[in-house]
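This report concerns only the one structure given below.
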Amino acid sequence: MPEITYREAVRDALGSAMRKDDDVFIMGEDIAEMGGSMAVTQGLLEEFGPERVRNTPISEMAIVGAGIGAAMQGMRPVVEIMYEDFLTLSLEQIVNQAAKHRYMSGGQLKVPLTVRTQGGAGWSPGAQHAQQLEAWLVHVPGLKVAYPSTPEDVRGLLWTSIYDDNPVVFFEHRLLYPVKGEVPEKLEPIPLGKARTIREGSDVTVIAIGPLVHRALDAAKQAEEDGISVEVIDPRTLQPLDEDALVESVKKTNRAVVAHEAVTRMGFGAEVAAILQYKAFDYLDAPIERVGAKFAPLAFAPVMEQFIIPHAEDVLAAIKRTVGK
Amino acid sequence: MAKVEKKHALSEETLRDFLRDMLLIRRFEEHVEERFRAGELPGFLHVAIGQEAVAVGVCQAMEEDDVFASTHRAHGHTLARGTPPNAVMAELYGKVEGCSRGYGGSMHLYDIERGNFGANAVIGGGLPHVTGAGLAFKLRDEPRVAIAFFGDGATNIGTFHESLNLAQLWKTKTVFVCENNHWAESTPGWQHSPVWDDMSKRALAFDMRSVKVDGQDVEAVYEAAREALEHARTGEGPVFLDVETYRMHGHFIGDPQVYRTKEDREEAAANDPIVRLRERLALGDDEFQAFDDHANEVVEAALEFAKNGTDPEPEDALKNVYA
């Protein structure tokens, strides 16, 4: 199997869909000549031309809203919001419009729009360029939300998101772009709503998303040295959520840690914890541990930023608490 | 700013059809206002009494495959586009037979078959959609146009500026119809916009073709819309229509309009587009009465239809969340 980066995997999914289908086009800030501020769309302008690789003004509402309009006419636009912090500017269009047109029309409409965005801390961009806001979107009926952590998953899930008939908000993480991983020779679509067990274990289940998947794997290796067997599961999509896979794993291990880079309070992990306590109450041998960012905006000074965000050691500490070590 | 010359190209028969449509909208809204006050209709209700010539003039100018986005004041646009009064009325009563199957209500009327991609209850919410739809028509090289209806109040919101900028930049097949009734809910134009007395200036900032239209003259609206649609359809770029009109009633039903002077209301009443069209056609009392009776009959039948409609099952609320 070839090995490619997460960045190349995103690009491959976009290019493959655009090659297959004239109705797929992309638009966003600086995505054409510059190839995107994260260099994800490099080379696409040359291959597909300016009609289908569209540089936009700095207009997040119009970028998403025009995507909705084109999607409602049957196209499959993929729009890019440069940083998920800027997603806040387009939330009206995502929350009130994209998520609700099908419903408000009594099922007459489809909005096959994909909104790609990226964020994430760990490189001191400050408080307005690194937030993790995925939980906001999962709270809105009508939206699907994906947050893949590996090249294989990001490629297969982006493809499926583009061809899903619903609006999908697709989260990528800045620090994952250079991460390499094996991918199938040919792009294989991955269904939304299927979790992936990345590492099998028997003592505790870590349910992690985004970069925390990798930090959880590091923590699991270290825990192994202490004789703790850790299972790591990545839900990959937060809506729909593969509740069964998470619950089954916890019924097996009897302990759970949920982990994400977003602020812990009211984060996605809170919902997962609620599901687990309800569906696996009799199986739990320890309180469910939550790992996430401390409740503060992201500071600039590296020492403060690093203090706020969760690391492998935080996941390891949580694992140990669940087994009483 | 471009000037539209009145060509009086419309036949009397066509204008009579326009009058029928306008009367239907007027009587429809009067009846729903009455039923709302009687407590029969859930939610809340905005009528566009006084603005019928805008809805009819623009919708009659559209081609079959054109699409539009509307506002919270959408009954007129929807009826003018040909959605059966029964379906619109049933929607106001929250019935399965409604044009949005009871999921939308007065502020969210849809009829995809007739190109109505949704009445929007967020001011300016639909403007990016018609920009995107106009982009899709351009990319697919289709001879279609996407039209947005919105009020003068919407010209202060971000989506307005972002959409007009993008539409002109990309020359999307879009027409922006500003129903300029000089009121943003209860706030008069002079309190909400520095160019309130000439909204056409808004579009000039984007180098967009911008046209002022007398919104109480259905013929003028039709001609301006026809020309604007042709301009957009041929790929020459979007057009902004500043259609001056009058909201004869309050912002919503039950609005006491304490903010509005008697003179202002009288001015609105004196500019009734139906009266103007009747005069233009020199209709006698009997003839007008026949038109009016017909409109009332249609609306009363729609009320009966809606009241006898099917209530959705409560569990239907969980359908249509996802495709």
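We label chains A, B, ... in the order they appear in the structure tokens, count residues from 1 in each chain, and number ligands from 1 in the order shown.
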Practice item. Skip stretch 243-249 of chain A itself and residues of its chain fewer than 4 positions away, then list as an MDAnalysis selection string all residues within 10 Å of it, counting only C-alpha atoms. Key: chainID A and resid 193:197 200:202 204:207 231:235 238 253:256 272 275:281 283
Just the selected residues (C-alpha atoms), exported as an mmCIF file, in the first residue's frame, please.
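File written: selection.cif
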```
data_model
loop_
_atom_site.group_PDB
_atom_site.id
_atom_site.type_symbol
_atom_site.label_atom_id
_atom_site.label_comp_id
_atom_site.auth_asym_id
_atom_site.auth_seq_id
_atom_site.Cartn_x
_atom_site.Cartn_y
_atom_site.Cartn_z
ATOM 1 C CA GLY A 193 -21.032 6.693 11.008
ATOM 2 C CA LYS A 194 -18.565 3.816 11.268
ATOM 3 C CA ALA A 195 -15.995 3.989 14.054
ATOM 4 C CA ARG A 196 -12.555 2.441 13.651
ATOM 5 C CA THR A 197 -10.811 0.425 16.305
ATOM 6 C CA GLU A 200 -7.287 -3.483 20.471
ATOM 7 C CA GLY A 201 -7.022 -3.790 24.234
ATOM 8 C CA SER A 202 -8.830 -5.225 27.218
ATOM 9 C CA VAL A 204 -9.661 0.472 29.109
ATOM 10 C CA THR A 205 -11.128 2.082 25.978
ATOM 11 C CA VAL A 206 -9.893 5.464 24.827
ATOM 12 C CA ILE A 207 -12.344 7.165 22.477
ATOM 13 C CA GLU A 231 -8.128 -0.099 23.219
ATOM 14 C CA VAL A 232 -8.222 3.038 21.041
ATOM 15 C CA ILE A 233 -11.307 3.857 18.998
ATOM 16 C CA ASP A 234 -11.739 6.753 16.603
ATOM 17 C CA PRO A 235 -15.411 7.489 15.844
ATOM 18 C CA LEU A 238 -19.297 12.686 15.191
ATOM 19 C CA THR A 253 -13.016 -3.172 28.844
ATOM 20 C CA ASN A 254 -15.305 -1.742 31.567
ATOM 21 C CA ARG A 255 -13.439 1.571 31.568
ATOM 22 C CA ALA A 256 -13.474 4.597 29.298
ATOM 23 C CA VAL A 272 -19.934 10.353 24.588
ATOM 24 C CA ILE A 275 -24.071 7.785 26.088
ATOM 25 C CA LEU A 276 -21.690 5.357 27.769
ATOM 26 C CA GLN A 277 -23.033 5.835 31.270
ATOM 27 C CA TYR A 278 -26.552 5.265 29.980
ATOM 28 C CA LYS A 279 -25.916 2.318 27.683
ATOM 29 C CA ALA A 280 -23.117 0.603 29.615
ATOM 30 C CA PHE A 281 -23.898 1.675 33.185
ATOM 31 C CA TYR A 283 -20.417 -2.522 32.961
#
```
Write out as a PDB file with N, CA and C atoms, in the first residue's frame the set of residues from stretch 21-195 of chain A that DSSP, computed on the backbone, places in alpha helix (DSSP H).
```
ATOM      1  N   LEU A  44      -4.460  21.878  -8.074  1.00  0.00           N
ATOM      2  CA  LEU A  44      -5.831  21.658  -8.564  1.00  0.00           C
ATOM      3  C   LEU A  44      -6.242  22.717  -9.585  1.00  0.00           C
ATOM      4  N   LEU A  45      -5.771  23.945  -9.384  1.00  0.00           N
ATOM      5  CA  LEU A  45      -6.084  25.001 -10.360  1.00  0.00           C
ATOM      6  C   LEU A  45      -5.529  24.621 -11.729  1.00  0.00           C
ATOM      7  N   GLU A  46      -4.287  24.136 -11.742  1.00  0.00           N
ATOM      8  CA  GLU A  46      -3.653  23.768 -13.007  1.00  0.00           C
ATOM      9  C   GLU A  46      -4.452  22.661 -13.703  1.00  0.00           C
ATOM     10  N   GLU A  47      -4.933  21.727 -12.929  1.00  0.00           N
ATOM     11  CA  GLU A  47      -5.655  20.614 -13.553  1.00  0.00           C
ATOM     12  C   GLU A  47      -7.084  20.974 -13.953  1.00  0.00           C
ATOM     13  N   PHE A  48      -7.763  21.745 -13.104  1.00  0.00           N
ATOM     14  CA  PHE A  48      -9.208  21.923 -13.330  1.00  0.00           C
ATOM     15  C   PHE A  48      -9.615  23.327 -13.775  1.00  0.00           C
ATOM     16  N   GLU A  60     -16.911  34.837   4.364  1.00  0.00           N
ATOM     17  CA  GLU A  60     -17.280  33.483   4.799  1.00  0.00           C
ATOM     18  C   GLU A  60     -18.765  33.181   4.645  1.00  0.00           C
ATOM     19  N   MET A  61     -19.601  34.169   4.870  1.00  0.00           N
ATOM     20  CA  MET A  61     -21.045  33.923   4.718  1.00  0.00           C
ATOM     21  C   MET A  61     -21.387  33.617   3.273  1.00  0.00           C
ATOM     22  N   ALA A  62     -20.784  34.384   2.364  1.00  0.00           N
ATOM     23  CA  ALA A  62     -21.089  34.180   0.942  1.00  0.00           C
ATOM     24  C   ALA A  62     -20.449  32.901   0.423  1.00  0.00           C
ATOM     25  N   ILE A  63     -19.293  32.539   0.951  1.00  0.00           N
ATOM     26  CA  ILE A  63     -18.638  31.303   0.489  1.00  0.00           C
ATOM     27  C   ILE A  63     -19.546  30.113   0.811  1.00  0.00           C
ATOM     28  N   VAL A  64     -19.971  30.032   2.057  1.00  0.00           N
ATOM     29  CA  VAL A  64     -20.845  28.923   2.447  1.00  0.00           C
ATOM     30  C   VAL A  64     -22.216  29.072   1.781  1.00  0.00           C
ATOM     31  N   GLY A  65     -22.743  30.292   1.797  1.00  0.00           N
ATOM     32  CA  GLY A  65     -24.088  30.510   1.260  1.00  0.00           C
ATOM     33  C   GLY A  65     -24.170  30.250  -0.233  1.00  0.00           C
ATOM     34  N   ALA A  66     -23.156  30.648  -0.970  1.00  0.00           N
ATOM     35  CA  ALA A  66     -23.149  30.367  -2.410  1.00  0.00           C
ATOM     36  C   ALA A  66     -23.013  28.863  -2.625  1.00  0.00           C
ATOM     37  N   GLY A  67     -22.265  28.222  -1.758  1.00  0.00           N
ATOM     38  CA  GLY A  67     -22.172  26.758  -1.830  1.00  0.00           C
ATOM     39  C   GLY A  67     -23.537  26.120  -1.625  1.00  0.00           C
ATOM     40  N   ILE A  68     -24.280  26.639  -0.670  1.00  0.00           N
ATOM     41  CA  ILE A  68     -25.635  26.119  -0.423  1.00  0.00           C
ATOM     42  C   ILE A  68     -26.500  26.306  -1.668  1.00  0.00           C
ATOM     43  N   GLY A  69     -26.428  27.508  -2.244  1.00  0.00           N
ATOM     44  CA  GLY A  69     -27.247  27.804  -3.415  1.00  0.00           C
ATOM     45  C   GLY A  69     -26.926  26.878  -4.579  1.00  0.00           C
ATOM     46  N   ALA A  70     -25.634  26.644  -4.818  1.00  0.00           N
ATOM     47  CA  ALA A  70     -25.235  25.748  -5.913  1.00  0.00           C
ATOM     48  C   ALA A  70     -25.631  24.309  -5.584  1.00  0.00           C
ATOM     49  N   ALA A  71     -25.511  23.948  -4.317  1.00  0.00           N
ATOM     50  CA  ALA A  71     -25.868  22.584  -3.901  1.00  0.00           C
ATOM     51  C   ALA A  71     -27.365  22.350  -4.079  1.00  0.00           C
ATOM     52  N   MET A  72     -28.167  23.343  -3.754  1.00  0.00           N
ATOM     53  CA  MET A  72     -29.617  23.183  -3.894  1.00  0.00           C
ATOM     54  C   MET A  72     -30.017  23.064  -5.367  1.00  0.00           C
ATOM     55  N   GLU A  84     -11.038  27.182  11.263  1.00  0.00           N
ATOM     56  CA  GLU A  84     -12.377  26.944  11.805  1.00  0.00           C
ATOM     57  C   GLU A  84     -12.832  28.057  12.727  1.00  0.00           C
ATOM     58  N   ASP A  85     -11.886  28.873  13.197  1.00  0.00           N
ATOM     59  CA  ASP A  85     -12.282  30.076  13.935  1.00  0.00           C
ATOM     60  C   ASP A  85     -13.186  30.947  13.057  1.00  0.00           C
ATOM     61  N   PHE A  86     -12.908  30.943  11.742  1.00  0.00           N
ATOM     62  CA  PHE A  86     -13.685  31.779  10.815  1.00  0.00           C
ATOM     63  C   PHE A  86     -15.021  31.120  10.446  1.00  0.00           C
ATOM     64  N   LEU A  87     -15.138  29.878  10.823  1.00  0.00           N
ATOM     65  CA  LEU A  87     -16.422  29.200  10.668  1.00  0.00           C
ATOM     66  C   LEU A  87     -17.509  29.986  11.413  1.00  0.00           C
ATOM     67  N   THR A  88     -17.107  30.630  12.490  1.00  0.00           N
ATOM     68  CA  THR A  88     -18.091  31.405  13.263  1.00  0.00           C
ATOM     69  C   THR A  88     -18.764  32.450  12.382  1.00  0.00           C
ATOM     70  N   LEU A  89     -18.024  32.995  11.405  1.00  0.00           N
ATOM     71  CA  LEU A  89     -18.601  34.020  10.537  1.00  0.00           C
ATOM     72  C   LEU A  89     -19.661  33.444   9.616  1.00  0.00           C
ATOM     73  N   SER A  90     -19.551  32.175   9.320  1.00  0.00           N
ATOM     74  CA  SER A  90     -20.493  31.568   8.378  1.00  0.00           C
ATOM     75  C   SER A  90     -21.536  30.701   9.083  1.00  0.00           C
ATOM     76  N   LEU A  91     -21.552  30.746  10.398  1.00  0.00           N
ATOM     77  CA  LEU A  91     -22.462  29.848  11.120  1.00  0.00           C
ATOM     78  C   LEU A  91     -23.924  30.088  10.797  1.00  0.00           C
ATOM     79  N   HIS A 101     -32.820  23.639   5.326  1.00  0.00           N
ATOM     80  CA  HIS A 101     -33.641  23.759   4.109  1.00  0.00           C
ATOM     81  C   HIS A 101     -34.409  22.476   3.805  1.00  0.00           C
ATOM     82  N   ARG A 102     -33.737  21.344   3.996  1.00  0.00           N
ATOM     83  CA  ARG A 102     -34.450  20.102   3.708  1.00  0.00           C
ATOM     84  C   ARG A 102     -35.664  19.971   4.629  1.00  0.00           C
ATOM     85  N   TYR A 103     -35.437  20.244   5.878  1.00  0.00           N
ATOM     86  CA  TYR A 103     -36.502  20.083   6.873  1.00  0.00           C
ATOM     87  C   TYR A 103     -37.642  21.072   6.635  1.00  0.00           C
ATOM     88  N   MET A 104     -37.283  22.340   6.523  1.00  0.00           N
ATOM     89  CA  MET A 104     -38.312  23.377   6.385  1.00  0.00           C
ATOM     90  C   MET A 104     -39.130  23.199   5.112  1.00  0.00           C
ATOM     91  N   GLU A 134     -15.758  21.664  16.934  1.00  0.00           N
ATOM     92  CA  GLU A 134     -16.607  20.625  16.356  1.00  0.00           C
ATOM     93  C   GLU A 134     -17.882  20.376  17.154  1.00  0.00           C
ATOM     94  N   ALA A 135     -17.807  20.560  18.476  1.00  0.00           N
ATOM     95  CA  ALA A 135     -18.992  20.277  19.293  1.00  0.00           C
ATOM     96  C   ALA A 135     -20.158  21.209  18.951  1.00  0.00           C
ATOM     97  N   TRP A 136     -19.842  22.450  18.555  1.00  0.00           N
ATOM     98  CA  TRP A 136     -20.912  23.387  18.190  1.00  0.00           C
ATOM     99  C   TRP A 136     -21.759  22.815  17.062  1.00  0.00           C
ATOM    100  N   LEU A 137     -21.080  22.198  16.098  1.00  0.00           N
ATOM    101  CA  LEU A 137     -21.776  21.738  14.896  1.00  0.00           C
ATOM    102  C   LEU A 137     -22.550  20.449  15.135  1.00  0.00           C
ATOM    103  N   VAL A 138     -22.016  19.606  16.021  1.00  0.00           N
ATOM    104  CA  VAL A 138     -22.698  18.334  16.292  1.00  0.00           C
ATOM    105  C   VAL A 138     -24.035  18.593  16.982  1.00  0.00           C
ATOM    106  N   PRO A 151      -4.547   9.610   7.060  1.00  0.00           N
ATOM    107  CA  PRO A 151      -4.658   9.813   5.609  1.00  0.00           C
ATOM    108  C   PRO A 151      -5.725   8.917   4.975  1.00  0.00           C
ATOM    109  N   GLU A 152      -5.753   7.675   5.358  1.00  0.00           N
ATOM    110  CA  GLU A 152      -6.738   6.767   4.759  1.00  0.00           C
ATOM    111  C   GLU A 152      -8.164   7.240   5.059  1.00  0.00           C
ATOM    112  N   ASP A 153      -8.390   7.590   6.314  1.00  0.00           N
ATOM    113  CA  ASP A 153      -9.738   8.008   6.705  1.00  0.00           C
ATOM    114  C   ASP A 153     -10.127   9.339   6.073  1.00  0.00           C
ATOM    115  N   VAL A 154      -9.188  10.272   6.028  1.00  0.00           N
ATOM    116  CA  VAL A 154      -9.547  11.593   5.516  1.00  0.00           C
ATOM    117  C   VAL A 154      -9.894  11.495   4.036  1.00  0.00           C
ATOM    118  N   ARG A 155      -9.204  10.625   3.319  1.00  0.00           N
ATOM    119  CA  ARG A 155      -9.484  10.479   1.891  1.00  0.00           C
ATOM    120  C   ARG A 155     -10.836   9.802   1.663  1.00  0.00           C
ATOM    121  N   GLY A 156     -11.027   8.688   2.355  1.00  0.00           N
ATOM    122  CA  GLY A 156     -12.273   7.939   2.150  1.00  0.00           C
ATOM    123  C   GLY A 156     -13.495   8.673   2.671  1.00  0.00           C
ATOM    124  N   LEU A 157     -13.325   9.392   3.756  1.00  0.00           N
ATOM    125  CA  LEU A 157     -14.474  10.104   4.331  1.00  0.00           C
ATOM    126  C   LEU A 157     -14.795  11.382   3.569  1.00  0.00           C
ATOM    127  N   LEU A 158     -13.766  12.042   3.043  1.00  0.00           N
ATOM    128  CA  LEU A 158     -14.051  13.262   2.275  1.00  0.00           C
ATOM    129  C   LEU A 158     -14.823  12.898   1.002  1.00  0.00           C
ATOM    130  N   TRP A 159     -14.401  11.826   0.389  1.00  0.00           N
ATOM    131  CA  TRP A 159     -15.129  11.349  -0.804  1.00  0.00           C
ATOM    132  C   TRP A 159     -16.604  11.104  -0.466  1.00  0.00           C
ATOM    133  N   THR A 160     -16.835  10.387   0.611  1.00  0.00           N
ATOM    134  CA  THR A 160     -18.209  10.064   0.991  1.00  0.00           C
ATOM    135  C   THR A 160     -18.987  11.331   1.357  1.00  0.00           C
ATOM    136  N   SER A 161     -18.314  12.258   1.994  1.00  0.00           N
ATOM    137  CA  SER A 161     -18.978  13.512   2.370  1.00  0.00           C
ATOM    138  C   SER A 161     -19.421  14.281   1.132  1.00  0.00           C
ATOM    139  N   ILE A 162     -18.549  14.319   0.129  1.00  0.00           N
ATOM    140  CA  ILE A 162     -18.888  15.042  -1.103  1.00  0.00           C
ATOM    141  C   ILE A 162     -20.125  14.415  -1.753  1.00  0.00           C
ATOM    142  N   TYR A 163     -20.207  13.090  -1.684  1.00  0.00           N
ATOM    143  CA  TYR A 163     -21.334  12.408  -2.328  1.00  0.00           C
ATOM    144  C   TYR A 163     -22.520  12.172  -1.402  1.00  0.00           C
TER     145      TYR A 163
END
```
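Taking only C-alpha atoms into account, chain A lies nearest to B:Ala136 out of the set B:Ala146, B:Ala136, B:Val239, B:Ile157.
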Practice item. Name the residues in contact with A:Pro77 at a cut-off of 6 Å, using only C-alpha atoms, excluding same-chain residues fewer than 3 positions from it; report them as an MDAnalysis selection string. Key: chainID A and resid 24:26 67 113
Take the selection from the previous step and output its residues with C-alpha atoms, as a tab-separated table (two decimals), in the first residue's frame.
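So the final result, stored in part-v9.tsv, reads:
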```
chain	number	residue	atom	x	y	z
A	24	VAL	CA	-17.99	19.00	-8.03
A	25	PHE	CA	-16.13	22.28	-7.71
A	26	ILE	CA	-14.21	23.95	-4.92
A	67	GLY	CA	-22.17	26.76	-1.83
A	113	LEU	CA	-22.58	20.69	0.41
```
**Study point:** Within 9 Å of chain A: residues of chain B, using only C-alpha atoms, as a PyMOL selection string
**Key:** chain B and resi 99-105+108-113+117-118+120+122+125-137+139-140+158-160+162-163+165-166+319-323
Output for the residues just chosen: C-alpha atoms as a compact mmCIF listing (two decimals), in the first residue's frame:
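Result went into again-v6.txt, see below:
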```
# COMPACT_ATOMS: atom_id res chain seq x y z
CA CYS B 99 -46.53 23.56 0.22
CA SER B 100 -43.87 22.71 2.85
CA ARG B 101 -45.85 19.74 4.23
CA GLY B 102 -46.39 21.59 7.48
CA TYR B 103 -42.67 21.79 8.28
CA GLY B 104 -42.21 25.41 7.29
CA GLY B 105 -45.13 27.72 7.97
CA HIS B 108 -40.80 29.10 5.15
CA LEU B 109 -42.90 28.55 2.05
CA TYR B 110 -41.23 26.27 -0.51
CA ASP B 111 -42.27 24.95 -3.90
CA ILE B 112 -39.27 23.46 -5.65
CA GLU B 113 -41.31 22.41 -8.66
CA PHE B 117 -36.23 27.58 -3.05
CA GLY B 118 -37.50 28.89 0.19
CA ASN B 120 -36.22 32.79 4.64
CA VAL B 122 -33.34 35.38 8.60
CA GLY B 125 -30.40 34.68 4.53
CA GLY B 126 -31.30 33.77 0.97
CA LEU B 127 -29.05 36.26 -0.80
CA PRO B 128 -25.96 34.04 -0.91
CA HIS B 129 -28.13 31.16 -2.13
CA VAL B 130 -29.26 32.98 -5.25
CA THR B 131 -25.68 34.02 -5.85
CA GLY B 132 -24.67 30.35 -5.67
CA ALA B 133 -27.63 29.24 -7.77
CA GLY B 134 -26.72 31.89 -10.35
CA LEU B 135 -23.16 30.56 -10.27
CA ALA B 136 -24.41 27.02 -10.85
CA PHE B 137 -26.44 28.19 -13.87
CA LEU B 139 -21.08 26.90 -14.66
CA ARG B 140 -23.58 24.60 -16.34
CA GLY B 158 -23.39 41.28 5.83
CA THR B 159 -24.86 38.69 3.46
CA PHE B 160 -26.20 41.51 1.29
CA GLU B 162 -20.94 39.75 0.47
CA SER B 163 -23.50 38.42 -2.02
CA ASN B 165 -19.85 41.64 -4.32
CA LEU B 166 -19.48 37.97 -5.22
CA LYS B 319 -38.52 12.89 9.38
CA ASN B 320 -36.72 14.99 6.79
CA VAL B 321 -33.89 15.93 9.13
CA TYR B 322 -31.52 14.13 6.75
CA ALA B 323 -31.80 13.12 3.13
```
Practice item. Compile the contact shell of stretch 288-302 of chain A as a ChimeraX atom specification: residues with an atom at most 9 Å away, counting only C-alpha atoms, same-chain residues fewer than 6 positions apart removed. Key: /A:121-131,212,255-265,267,269-270,273,276-277,308-311,314-315,318-319,321-322
Just N, CA and C atoms for this one: save the residues we selected as a short mmCIF file (atom, residue, chain, number, x, y, z; two decimals), in the first residue's frame.
```
data_model
loop_
_atom_site.label_atom_id
_atom_site.label_comp_id
_atom_site.auth_asym_id
_atom_site.auth_seq_id
_atom_site.Cartn_x
_atom_site.Cartn_y
_atom_site.Cartn_z
N ALA A 121 -4.35 23.59 17.74
CA ALA A 121 -3.28 24.32 18.43
C ALA A 121 -1.98 23.54 18.36
N GLY A 122 -0.95 24.12 19.01
CA GLY A 122 0.33 23.44 19.07
C GLY A 122 1.41 24.16 18.28
N TRP A 123 1.08 25.33 17.74
CA TRP A 123 2.08 26.08 16.97
C TRP A 123 1.95 27.60 17.25
N SER A 124 1.32 27.89 18.39
CA SER A 124 1.22 29.27 18.88
C SER A 124 0.60 30.28 17.92
N PRO A 125 -0.50 29.94 17.28
CA PRO A 125 -1.15 30.95 16.45
C PRO A 125 -2.01 31.92 17.25
N GLY A 126 -2.21 31.65 18.53
CA GLY A 126 -3.03 32.55 19.35
C GLY A 126 -4.48 32.12 19.40
N ALA A 127 -5.27 32.99 19.98
CA ALA A 127 -6.63 32.62 20.37
C ALA A 127 -7.64 32.59 19.23
N GLN A 128 -7.27 33.13 18.04
CA GLN A 128 -8.25 33.20 16.96
C GLN A 128 -7.88 32.35 15.74
N HIS A 129 -6.92 31.46 15.89
CA HIS A 129 -6.52 30.63 14.75
C HIS A 129 -6.30 29.17 15.14
N ALA A 130 -6.89 28.71 16.21
CA ALA A 130 -6.56 27.32 16.59
C ALA A 130 -7.66 26.63 17.38
N GLN A 131 -8.82 27.26 17.48
CA GLN A 131 -9.87 26.65 18.29
C GLN A 131 -10.39 25.36 17.66
N LEU A 212 -5.87 13.76 18.95
CA LEU A 212 -5.85 12.98 20.19
C LEU A 212 -5.82 11.48 19.91
N ARG A 255 -13.96 0.25 31.20
CA ARG A 255 -13.44 1.57 31.57
C ARG A 255 -13.34 2.42 30.30
N ALA A 256 -13.51 3.74 30.48
CA ALA A 256 -13.47 4.60 29.30
C ALA A 256 -12.81 5.94 29.57
N VAL A 257 -12.07 6.38 28.56
CA VAL A 257 -11.52 7.74 28.53
C VAL A 257 -11.97 8.36 27.21
N VAL A 258 -12.48 9.59 27.27
CA VAL A 258 -12.79 10.30 26.02
C VAL A 258 -11.80 11.45 25.88
N ALA A 259 -11.34 11.68 24.66
CA ALA A 259 -10.25 12.63 24.49
C ALA A 259 -10.38 13.44 23.20
N HIS A 260 -10.27 14.75 23.34
CA HIS A 260 -10.22 15.65 22.17
C HIS A 260 -9.44 16.89 22.53
N GLU A 261 -9.07 17.63 21.49
CA GLU A 261 -8.27 18.83 21.75
C GLU A 261 -9.14 20.02 22.14
N ALA A 262 -10.42 19.96 21.84
CA ALA A 262 -11.32 21.04 22.21
C ALA A 262 -11.42 21.14 23.73
N VAL A 263 -11.90 22.28 24.18
CA VAL A 263 -12.14 22.49 25.60
C VAL A 263 -13.00 21.35 26.15
N THR A 264 -12.62 20.85 27.31
CA THR A 264 -13.33 19.70 27.89
C THR A 264 -14.79 20.02 28.16
N ARG A 265 -15.02 21.19 28.79
CA ARG A 265 -16.37 21.54 29.21
C ARG A 265 -17.32 21.62 28.02
N GLY A 267 -17.76 19.68 25.78
CA GLY A 267 -17.15 19.18 24.54
C GLY A 267 -17.84 17.93 24.04
N GLY A 269 -16.77 15.03 24.08
CA GLY A 269 -16.57 13.95 25.05
C GLY A 269 -17.67 13.87 26.10
N ALA A 270 -18.29 15.00 26.39
CA ALA A 270 -19.36 15.01 27.38
C ALA A 270 -20.54 14.18 26.87
N ALA A 273 -19.60 10.52 26.98
CA ALA A 273 -19.67 10.02 28.37
C ALA A 273 -21.11 9.76 28.77
N LEU A 276 -22.29 6.54 27.16
CA LEU A 276 -21.69 5.36 27.77
C LEU A 276 -22.30 5.06 29.14
N GLN A 277 -22.48 6.10 29.93
CA GLN A 277 -23.03 5.84 31.27
C GLN A 277 -24.46 5.31 31.17
N ILE A 308 -2.35 24.58 28.17
CA ILE A 308 -3.81 24.51 27.97
C ILE A 308 -4.22 23.22 27.25
N ILE A 309 -3.47 22.84 26.22
CA ILE A 309 -3.94 21.73 25.38
C ILE A 309 -3.55 20.37 25.95
N PRO A 310 -4.32 19.34 25.62
CA PRO A 310 -4.04 18.00 26.15
C PRO A 310 -2.93 17.27 25.38
N HIS A 311 -2.15 16.51 26.11
CA HIS A 311 -1.03 15.77 25.53
C HIS A 311 -1.20 14.29 25.82
N ASP A 314 -1.46 13.46 29.38
CA ASP A 314 -2.77 13.66 30.00
C ASP A 314 -3.67 12.46 29.75
N VAL A 315 -3.57 11.90 28.56
CA VAL A 315 -4.36 10.71 28.25
C VAL A 315 -3.87 9.55 29.12
N ALA A 318 -5.10 9.83 32.62
CA ALA A 318 -6.52 9.48 32.70
C ALA A 318 -6.70 7.97 32.64
N ILE A 319 -5.94 7.33 31.76
CA ILE A 319 -6.00 5.86 31.67
C ILE A 319 -5.67 5.25 33.03
N ARG A 321 -5.86 6.55 35.97
CA ARG A 321 -6.90 6.79 36.99
C ARG A 321 -8.03 5.76 36.87
N THR A 322 -8.36 5.42 35.61
CA THR A 322 -9.48 4.47 35.45
C THR A 322 -9.14 3.09 36.00
#
```
Practice item. Write down as a list in words the residues of stretch 82-141 of chain A whose backbone DSSP state falls under strand (DSSP E). Key: Thr114, Val115, Arg116, Thr117, Gln118 and Gly119 of chain A
Point to revise | Point-to-point distance from atom CA of A:Val10 to atom CA of A:Asn55, Å rounded to tenths | key: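 That distance, rounded to one decimal, is 18.0 Å.
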Point to revise | 10 Å contact set for A:Gly210, only C-alpha atoms, chain neighbours under 5 positions out, as a ChimeraX atom specification | key: /A:120,132,146-150,171-173,175-176,215,234-236,259-262
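Proximity ranking of B:Asn181, B:Thr155, B:Gln191, B:Thr172 relative to B:Ala203 places B:Thr155 first, based on only C-alpha atoms.
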Practice item. Find the residues around stretch 281-283 of chain B up to 8 Å (only C-alpha atoms counted), leave out those fewer than 3 positions away in its own chain, and share them as an MDAnalysis selection string. Key: chainID B and resid 12 15:16 277:278 287:288
Exercise for review: Find the spatial neighbours of stretch 53-61 of chain B, counting only C-alpha atoms, within a cut-off of 6 Å - ignore same-chain residues fewer than 5 positions away - and output them as a PyMOL selection string.
Suggested key: chain B and resi 76-77+80-81+215-216+218+221-222+225-226
Check your understanding: In terms of the shortest atom-to-atom distance over only C-alpha atoms, which of B:His251, B:Lys95, B:Arg26, B:His72 is closest to B:Ser186?
Key -> B:His251
